[in-house]
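To be precise, the following lines are coords24.pdb, and they hold PDB, C-alpha atoms.
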ATOM      1  CA  MET Y   1     284.873 -72.218 154.949  1.00  0.00           C
ATOM      2  CA  LEU Y   2     282.509 -70.887 157.604  1.00  0.00           C
ATOM      3  CA  ASP Y   3     281.168 -67.359 157.452  1.00  0.00           C
ATOM      4  CA  ARG Y   4     282.509 -65.686 160.594  1.00  0.00           C
ATOM      5  CA  ARG Y   5     280.457 -62.494 160.385  1.00  0.00           C
ATOM      6  CA  PRO Y   6     278.213 -62.102 163.423  1.00  0.00           C
ATOM      7  CA  SER Y   7     274.559 -62.837 162.825  1.00  0.00           C
ATOM      8  CA  HIS Y   8     272.089 -60.193 163.806  1.00  0.00           C
ATOM      9  CA  ASP Y   9     269.011 -62.309 163.145  1.00  0.00           C
ATOM     10  CA  GLU Y  10     267.557 -61.708 166.611  1.00  0.00           C
ATOM     11  CA  LEU Y  11     267.794 -57.945 166.156  1.00  0.00           C
ATOM     12  CA  VAL Y  12     266.312 -58.157 162.663  1.00  0.00           C
ATOM     13  CA  ASP Y  13     263.485 -60.352 164.010  1.00  0.00           C
ATOM     14  CA  HIS Y  14     262.837 -57.811 166.767  1.00  0.00           C
ATOM     15  CA  LEU Y  15     262.655 -54.944 164.271  1.00  0.00           C
ATOM     16  CA  VAL Y  16     260.258 -56.885 162.053  1.00  0.00           C
ATOM     17  CA  ARG Y  17     258.007 -57.642 165.057  1.00  0.00           C
ATOM     18  CA  THR Y  18     258.046 -54.125 166.491  1.00  0.00           C
ATOM     19  CA  THR Y  19     258.048 -51.914 163.389  1.00  0.00           C
ATOM     20  CA  ALA Y  20     256.498 -51.790 159.952  1.00  0.00           C
ATOM     21  CA  LEU Y  21     259.811 -52.813 158.379  1.00  0.00           C
ATOM     22  CA  GLN Y  22     260.012 -55.892 156.177  1.00  0.00           C
ATOM     23  CA  ARG Y  23     262.871 -58.327 156.838  1.00  0.00           C
ATOM     24  CA  GLY Y  24     265.070 -56.986 154.024  1.00  0.00           C
ATOM     25  CA  GLU Y  25     264.547 -53.397 155.167  1.00  0.00           C
ATOM     26  CA  ALA Y  26     265.292 -54.319 158.781  1.00  0.00           C
ATOM     27  CA  SER Y  27     268.498 -56.070 157.709  1.00  0.00           C
ATOM     28  CA  ARG Y  28     269.623 -52.983 155.780  1.00  0.00           C
ATOM     29  CA  VAL Y  29     268.872 -50.749 158.781  1.00  0.00           C
ATOM     30  CA  VAL Y  30     270.910 -52.986 161.085  1.00  0.00           C
ATOM     31  CA  LEU Y  31     273.843 -53.079 158.667  1.00  0.00           C
ATOM     32  CA  ASP Y  32     273.690 -49.302 158.176  1.00  0.00           C
ATOM     33  CA  VAL Y  33     273.701 -48.633 161.928  1.00  0.00           C
ATOM     34  CA  LEU Y  34     276.570 -51.061 162.464  1.00  0.00           C
ATOM     35  CA  ALA Y  35     278.572 -49.407 159.687  1.00  0.00           C
ATOM     36  CA  TYR Y  36     277.948 -45.995 161.257  1.00  0.00           C
ATOM     37  CA  PHE Y  37     279.294 -47.143 164.622  1.00  0.00           C
ATOM     38  CA  ASP Y  38     282.163 -49.070 163.029  1.00  0.00           C
ATOM     39  CA  GLU Y  39     283.859 -45.771 162.198  1.00  0.00           C
ATOM     40  CA  THR Y  40     287.199 -45.283 163.925  1.00  0.00           C
ATOM     41  CA  THR Y  41     287.675 -42.237 166.117  1.00  0.00           C
ATOM     42  CA  GLU Y  42     289.884 -40.683 163.453  1.00  0.00           C
ATOM     43  CA  GLU Y  43     287.295 -41.302 160.709  1.00  0.00           C
ATOM     44  CA  PHE Y  44     284.557 -39.829 162.905  1.00  0.00           C
ATOM     45  CA  VAL Y  45     286.618 -36.716 163.709  1.00  0.00           C
ATOM     46  CA  ARG Y  46     287.483 -36.110 160.050  1.00  0.00           C
ATOM     47  CA  ARG Y  47     283.900 -36.684 158.875  1.00  0.00           C
ATOM     48  CA  ARG Y  48     282.375 -34.418 161.531  1.00  0.00           C
ATOM     49  CA  HIS Y  49     284.975 -31.733 160.816  1.00  0.00           C
ATOM     50  CA  ARG Y  50     284.029 -31.772 157.109  1.00  0.00           C
ATOM     51  CA  GLU Y  51     280.290 -31.724 157.906  1.00  0.00           C
ATOM     52  CA  LEU Y  52     280.529 -28.865 160.397  1.00  0.00           C
ATOM     53  CA  GLN Y  53     282.942 -26.882 158.224  1.00  0.00           C
ATOM     54  CA  SER Y  54     280.623 -27.223 155.221  1.00  0.00           C
ATOM     55  CA  GLY Y  55     277.834 -25.889 157.436  1.00  0.00           C
ATOM     56  CA  GLY Y  56     279.821 -22.708 158.043  1.00  0.00           C
ATOM     57  CA  ALA Y  57     281.268 -23.426 161.480  1.00  0.00           C
ATOM     58  CA  VAL Y  58     284.774 -22.222 162.299  1.00  0.00           C
ATOM     59  CA  ASN Y  59     287.489 -24.489 163.683  1.00  0.00           C
ATOM     60  CA  ALA Y  60     287.251 -23.211 167.260  1.00  0.00           C
ATOM     61  CA  GLU Y  61     283.559 -24.185 167.351  1.00  0.00           C
ATOM     62  CA  ILE Y  62     284.111 -27.382 165.383  1.00  0.00           C
ATOM     63  CA  PHE Y  63     286.740 -28.880 167.669  1.00  0.00           C
ATOM     64  CA  GLU Y  64     284.800 -27.953 170.816  1.00  0.00           C
ATOM     65  CA  ARG Y  65     281.692 -29.623 169.398  1.00  0.00           C
ATOM     66  CA  ILE Y  66     283.550 -32.757 168.303  1.00  0.00           C
ATOM     67  CA  ALA Y  67     285.149 -33.027 171.739  1.00  0.00           C
ATOM     68  CA  ALA Y  68     281.666 -32.833 173.284  1.00  0.00           C
ATOM     69  CA  GLU Y  69     280.248 -35.456 170.895  1.00  0.00           C
ATOM     70  CA  LEU Y  70     282.974 -38.100 171.264  1.00  0.00           C
ATOM     71  CA  PRO Y  71     281.971 -39.340 174.742  1.00  0.00           C
ATOM     72  CA  HIS Y  72     278.503 -40.119 173.386  1.00  0.00           C
ATOM     73  CA  ARG Y  73     279.677 -42.551 170.718  1.00  0.00           C
ATOM     74  CA  ALA Y  74     278.602 -46.185 171.163  1.00  0.00           C
ATOM     75  CA  VAL Y  75     282.142 -47.037 172.281  1.00  0.00           C
ATOM     76  CA  ALA Y  76     283.587 -43.806 173.544  1.00  0.00           C
ATOM     77  CA  PRO Y  77     287.297 -43.299 172.855  1.00  0.00           C
ATOM     78  CA  PRO Y  78     289.621 -41.919 175.509  1.00  0.00           C
ATOM     79  CA  GLU Y  79     289.250 -38.183 175.992  1.00  0.00           C
ATOM     80  CA  LEU Y  80     291.159 -36.276 173.322  1.00  0.00           C
ATOM     81  CA  SER Y  81     292.452 -32.735 173.702  1.00  0.00           C
ATOM     82  CA  LEU Y  82     291.573 -30.064 171.153  1.00  0.00           C
ATOM     83  CA  ARG Y  83     295.170 -30.262 169.974  1.00  0.00           C
ATOM     84  CA  GLN Y  84     294.871 -34.030 169.399  1.00  0.00           C
ATOM     85  CA  LEU Y  85     291.653 -33.459 167.429  1.00  0.00           C
ATOM     86  CA  ARG Y  86     293.402 -30.859 165.252  1.00  0.00           C
ATOM     87  CA  ARG Y  87     296.263 -33.279 164.614  1.00  0.00           C
ATOM     88  CA  ILE Y  88     293.796 -35.950 163.453  1.00  0.00           C
ATOM     89  CA  VAL Y  89     292.343 -33.543 160.897  1.00  0.00           C
ATOM     90  CA  TYR Y  90     295.479 -31.737 159.792  1.00  0.00           C
ATOM     91  CA  GLY Y  91     298.246 -34.237 160.590  1.00  0.00           C
TER      92      GLY Y  91
END

structure tokens encoding of this file:
Amino acid sequence: MLDRRPSHDELVDHLVRTTALQRGEASRVVLDVLAYFDETTEEFVRRRHRELQSGGAVNAEIFERIAAELPHRAVAPPELSLRQLRRIVYG
């Protein structure tokens, strides 16, 4: 059976040519970045809520900040209201 995962060889080659990274390191960087941006909107909202809450922020600040961050994701989701963000975190 064929492996259907996309190949990122060109990107890895570019990183090897333009940085001090070895091929294995460049591959790990690419996979790590892809995994970061593979997060669903809901996963991102929950993770950021936990991170900001553990840093001492209160919910009013947290949800405003998450709402401001979402449009800057690699693939921005539709605009979510503060209420929708709260529902993602708390159900």

Spatial neighbours of stretch 22-31 of chain Y, max dist 12 Å, only C-alpha atoms, sep filter under 5 positions, as a ChimeraX atom specification: /Y:5-17,36-38

Which residues, written as a PDB file with C-alpha atoms, keeping the file's coordinate frame, have at least one atom at most 12 Å from stretch 73-75 of chain Y, with all atoms listed in the file counted and residues fewer than 5 positions away on the same chain left out?
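For reference, part08.pdb as written:
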ATOM      1  CA  VAL Y  33     273.701 -48.633 161.928  1.00  0.00           C
ATOM      2  CA  LEU Y  34     276.570 -51.061 162.464  1.00  0.00           C
ATOM      3  CA  ALA Y  35     278.572 -49.407 159.687  1.00  0.00           C
ATOM      4  CA  TYR Y  36     277.948 -45.995 161.257  1.00  0.00           C
ATOM      5  CA  PHE Y  37     279.294 -47.143 164.622  1.00  0.00           C
ATOM      6  CA  ASP Y  38     282.163 -49.070 163.029  1.00  0.00           C
ATOM      7  CA  GLU Y  39     283.859 -45.771 162.198  1.00  0.00           C
ATOM      8  CA  THR Y  40     287.199 -45.283 163.925  1.00  0.00           C
ATOM      9  CA  THR Y  41     287.675 -42.237 166.117  1.00  0.00           C
ATOM     10  CA  PHE Y  44     284.557 -39.829 162.905  1.00  0.00           C
ATOM     11  CA  VAL Y  45     286.618 -36.716 163.709  1.00  0.00           C
ATOM     12  CA  ILE Y  66     283.550 -32.757 168.303  1.00  0.00           C
ATOM     13  CA  ALA Y  67     285.149 -33.027 171.739  1.00  0.00           C
ATOM     14  CA  ALA Y  68     281.666 -32.833 173.284  1.00  0.00           C
TER      15      ALA Y  68
END

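With all atoms listed in the file as the atoms that count, the residue of Y:Asp32, Y:Gly56, Y:His49, Y:Gly91 with the shortest distance to Y:Glu69 is Y:His49.
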
Which residue of Y:Ala20, Y:Leu70, Y:Leu52, Y:Ala57 approaches Y:Leu85 most closely, using only C-alpha atoms: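 That would be Y:Leu70, the residue with the smallest distance to Y:Leu85.
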
One-decimal distance in Å that lies between atom CA of Y:Phe63 and atom CA of Y:Leu82: 6.1 Å

Atom-to-atom span, atom CA of Y:Arg86 and atom CA of Y:Ser54, Å: 16.6 Å

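Using only C-alpha atoms, the contacts of Y:Tyr90 at a cut-off of 12 Å, with sequence neighbours closer than 6 positions omitted, comprise Y:Glu42, Y:Val45, Y:Arg46, Y:His49, Y:Arg50, Y:Asn59, Y:Arg83, Y:Gln84.
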
Atom CA of Y:Arg48 to atom CA of Y:Val89, distance in Å rounded to a single decimal: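 Separating atom CA of Y:Arg48 from atom CA of Y:Val89 is a distance of 10.0 Å.
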